[in-house]
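Colleague: For reference, the structure I am asking about is given below.
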Amino acid sequence: MKFLILILSFVTLFEICVVDACRSYCGNITVDYPFGIRNGCGHPGYRDLLFCMNDVLMFHISSGSYRVLDIDYAYQSITLHDPHMSNCETIVLGGKGNGFEAEDWRTPYFNPTSDNVFMLIGCSPKSPIFQGFPEKKVPCRNISGMSCEEYMSCPAWDMVGYRQPGIHSGSGPPMCCGVGFESVKAINLSKLECEGYSSAYNLAPLKLRGPSDWAYGIRVKYELQGSDAFCRACVATSGTCGYEPADGGGLRHVCMCDNHNSTTNCDSVISPTGASSSVRPKAIGSLIIYFIAMNIGFQRRQR
């Protein structure tokens with residue numbers, strides 16, 4: 001009976017070894033193509049981007065590290081949280097916010113969505129966002145039904161000494177200026193000479209009751225460059241989409257199959273290549289040796 005249990009356990013672990021080698025979980029968030037937290041997994045344009053630390057999924061770009069709140073694969077969006085970002089309960093000043101600024105080579109792959117409003121707080125009159133605009137035609141605006149006028153009604157403003165008479169302070173620039181990401185291209189508080197910022201987005205077409213109902217965070221739209229036909233063909237043949245070093249430097253797409261990597265799909269005939277091609281066979285071989293040793297030990301104890 002115990003020998004039968006060992007055999008069933010081996011079959012179960014064998015099946016675990018041959019499932020998608022790249023699909024991962026970090027906390028309650030699924031990490032799947034085009035993302036990956038394992039080397040060689042996902043789209044090469046999203047490499048070295050996500051990291052799982054103590055079941056917390058982190059997103060890292062040049063402007064800093066952000067906690068990932070959600071990945072929506074159907075709408076190709078990822079929602080981020082910046083610990084230095086203000087919301088309706090807390091106003092964070094000091095110009096330490098990360099904002100959002102990616103490396104130049106990453107910018108074709110993702111940018112904040114058009115329904116994301118960035119509310120810049122306490123910007124200097126010399127800030128680049130006010131240069132070239134007449135005093136009464138600053139680029140501040142309402143985006144997706146969200147505005148600074150509403151945002152400044154949040155109770156957190158009382159804690160920093162602003163009692164909501166309006167968003168303007170004397171004849172200077174507004175205390176809060178709502179802009180879209182396309183207006184500034186990179187939310188960098190040092191370059192923009194602002195004391196803080198908040199970011200919110202509206203997923204529903206309905207009018208929200210107020211800023212306490214807004215969804216706070218940076219919602220980023222991601223998109224793959226070029227056709228994704230290669231990955232679809234790979235998945236259709238029970239493969240996993242990934243990448244590996246290419247001849248002459250750089251990276252190339254590969255389809256990771258049960259015992260080899262393919263540059264087309266798993267139905268193609270190809271001899272096993274690369275270190276990754278031997279991972280599963282080695283793991284299965286180790287399991288076989290392990291269970292044989294356990295069975296021998298079990299039989300000896302029965303004598």
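Please note that chains go A, B, ... in the order of the structure tokens, that every chain numbers its residues from 1, and that ligands are numbered from 1 in the order shown.
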Can you tell me, as a list in words, what residues are no more than 8 Å from Ile37 of chain A when counting only C-alpha atoms, ignoring any on the same chain fewer than 5 positions away?
Modeller: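 Final neighbour list, sorted by chain and number: Ser24, Val31, Asp48, Leu49, Leu50, Phe51 and Cys52 of chain A.
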Colleague: Pick out the residues sitting within 9 Å of Ile121 of chain A, and hand them over as an MDAnalysis selection string; count only C-alpha atoms, and ignore anything fewer than 4 positions along from it in its own chain.
Modeller: chainID A and resid 93 174:178 194:198
Colleague: Might you pull out every residue within 12 Å of Glu244 of chain A, with only C-alpha atoms counted and same-chain residues fewer than 2 positions away left off, and present them as a ChimeraX atom specification?
Modeller: /A:39-44,47,241-242,246-247,249-256,261-263,273-277
Colleague: Tell me, which residues of segment 187-255 of chain A carry DSSP helix (DSSP H, G or I), written as a PDB file with N, CA, C and O atoms, in the first residue's frame?
Modeller:
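File written: out.pdb
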ATOM      1  N   LEU A 189       9.272  64.887  -9.970  1.00  0.00           N
ATOM      2  CA  LEU A 189       9.009  66.055  -9.125  1.00  0.00           C
ATOM      3  C   LEU A 189      10.199  67.001  -9.049  1.00  0.00           C
ATOM      4  O   LEU A 189      10.022  68.213  -8.926  1.00  0.00           O
ATOM      5  N   SER A 190      11.408  66.474  -9.117  1.00  0.00           N
ATOM      6  CA  SER A 190      12.582  67.351  -9.077  1.00  0.00           C
ATOM      7  C   SER A 190      12.636  68.238 -10.310  1.00  0.00           C
ATOM      8  O   SER A 190      12.851  69.451 -10.224  1.00  0.00           O
ATOM      9  N   LYS A 191      12.427  67.646 -11.478  1.00  0.00           N
ATOM     10  CA  LYS A 191      12.468  68.418 -12.721  1.00  0.00           C
ATOM     11  C   LYS A 191      11.299  69.389 -12.821  1.00  0.00           C
ATOM     12  O   LYS A 191      11.430  70.486 -13.349  1.00  0.00           O
ATOM     13  N   LEU A 192      10.141  68.977 -12.305  1.00  0.00           N
ATOM     14  CA  LEU A 192       8.945  69.826 -12.393  1.00  0.00           C
ATOM     15  C   LEU A 192       8.877  70.846 -11.258  1.00  0.00           C
ATOM     16  O   LEU A 192       8.000  71.708 -11.260  1.00  0.00           O
ATOM     17  N   PRO A 211     -13.741  62.726  -4.429  1.00  0.00           N
ATOM     18  CA  PRO A 211     -12.378  62.192  -4.414  1.00  0.00           C
ATOM     19  C   PRO A 211     -12.168  61.033  -3.450  1.00  0.00           C
ATOM     20  O   PRO A 211     -11.222  60.279  -3.607  1.00  0.00           O
ATOM     21  N   SER A 212     -13.051  60.890  -2.466  1.00  0.00           N
ATOM     22  CA  SER A 212     -12.906  59.746  -1.556  1.00  0.00           C
ATOM     23  C   SER A 212     -13.240  58.439  -2.259  1.00  0.00           C
ATOM     24  O   SER A 212     -12.861  57.360  -1.782  1.00  0.00           O
ATOM     25  N   ASP A 213     -13.950  58.515  -3.401  1.00  0.00           N
ATOM     26  CA  ASP A 213     -14.305  57.326  -4.174  1.00  0.00           C
ATOM     27  C   ASP A 213     -13.333  57.047  -5.316  1.00  0.00           C
ATOM     28  O   ASP A 213     -13.457  56.036  -6.001  1.00  0.00           O
ATOM     29  N   ALA A 229       2.250  36.884 -32.972  1.00  0.00           N
ATOM     30  CA  ALA A 229       1.914  35.601 -33.591  1.00  0.00           C
ATOM     31  C   ALA A 229       2.833  34.488 -33.107  1.00  0.00           C
ATOM     32  O   ALA A 229       2.406  33.337 -32.953  1.00  0.00           O
ATOM     33  N   PHE A 230       4.116  34.816 -32.863  1.00  0.00           N
ATOM     34  CA  PHE A 230       5.060  33.801 -32.404  1.00  0.00           C
ATOM     35  C   PHE A 230       4.584  33.182 -31.095  1.00  0.00           C
ATOM     36  O   PHE A 230       4.556  31.951 -30.932  1.00  0.00           O
ATOM     37  N   CYS A 231       4.208  34.017 -30.142  1.00  0.00           N
ATOM     38  CA  CYS A 231       3.796  33.510 -28.839  1.00  0.00           C
ATOM     39  C   CYS A 231       2.492  32.716 -28.946  1.00  0.00           C
ATOM     40  O   CYS A 231       2.332  31.685 -28.301  1.00  0.00           O
ATOM     41  N   ARG A 232       1.564  33.172 -29.772  1.00  0.00           N
ATOM     42  CA  ARG A 232       0.305  32.444 -29.932  1.00  0.00           C
ATOM     43  C   ARG A 232       0.565  31.053 -30.504  1.00  0.00           C
ATOM     44  O   ARG A 232      -0.050  30.069 -30.082  1.00  0.00           O
ATOM     45  N   ALA A 233       1.477  30.969 -31.479  1.00  0.00           N
ATOM     46  CA  ALA A 233       1.810  29.667 -32.071  1.00  0.00           C
ATOM     47  C   ALA A 233       2.495  28.774 -31.047  1.00  0.00           C
ATOM     48  O   ALA A 233       2.274  27.555 -31.005  1.00  0.00           O
ATOM     49  N   CYS A 234       3.320  29.368 -30.202  1.00  0.00           N
ATOM     50  CA  CYS A 234       4.009  28.616 -29.158  1.00  0.00           C
ATOM     51  C   CYS A 234       3.012  28.029 -28.169  1.00  0.00           C
ATOM     52  O   CYS A 234       3.039  26.832 -27.864  1.00  0.00           O
ATOM     53  N   VAL A 235       2.099  28.857 -27.670  1.00  0.00           N
ATOM     54  CA  VAL A 235       1.113  28.408 -26.692  1.00  0.00           C
ATOM     55  C   VAL A 235       0.182  27.365 -27.294  1.00  0.00           C
ATOM     56  O   VAL A 235      -0.220  26.410 -26.624  1.00  0.00           O
ATOM     57  N   ALA A 236      -0.172  27.528 -28.580  1.00  0.00           N
ATOM     58  CA  ALA A 236      -1.066  26.582 -29.253  1.00  0.00           C
ATOM     59  C   ALA A 236      -0.466  25.186 -29.330  1.00  0.00           C
ATOM     60  O   ALA A 236      -1.195  24.198 -29.467  1.00  0.00           O
TER      61      ALA A 236
END
Colleague: Of the candidates A:Val56, A:Ala200, A:Ser183, A:Thr113, which shows the shortest atom-to-atom distance to Ser77 of chain A, using only C-alpha atoms?
Modeller: A:Thr113
Colleague: Any idea what's packed within 12 Å of Gly99 of chain A, counting only C-alpha atoms, ignoring anything in its chain fewer than 5 positions away? Could you give it as number ranges by chain?
Modeller: A: 61-66, 80-86, 112, 117-120, 181, 184-192, 194-199, 217-219
Colleague: When you count only C-alpha atoms, which of these residues is closest to Ala215 of chain A: A:Asn87, A:Ser268, A:Asp258, A:Arg141?
Modeller: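 Answer, going by the shortest atom-to-atom distance: A:Asn87.
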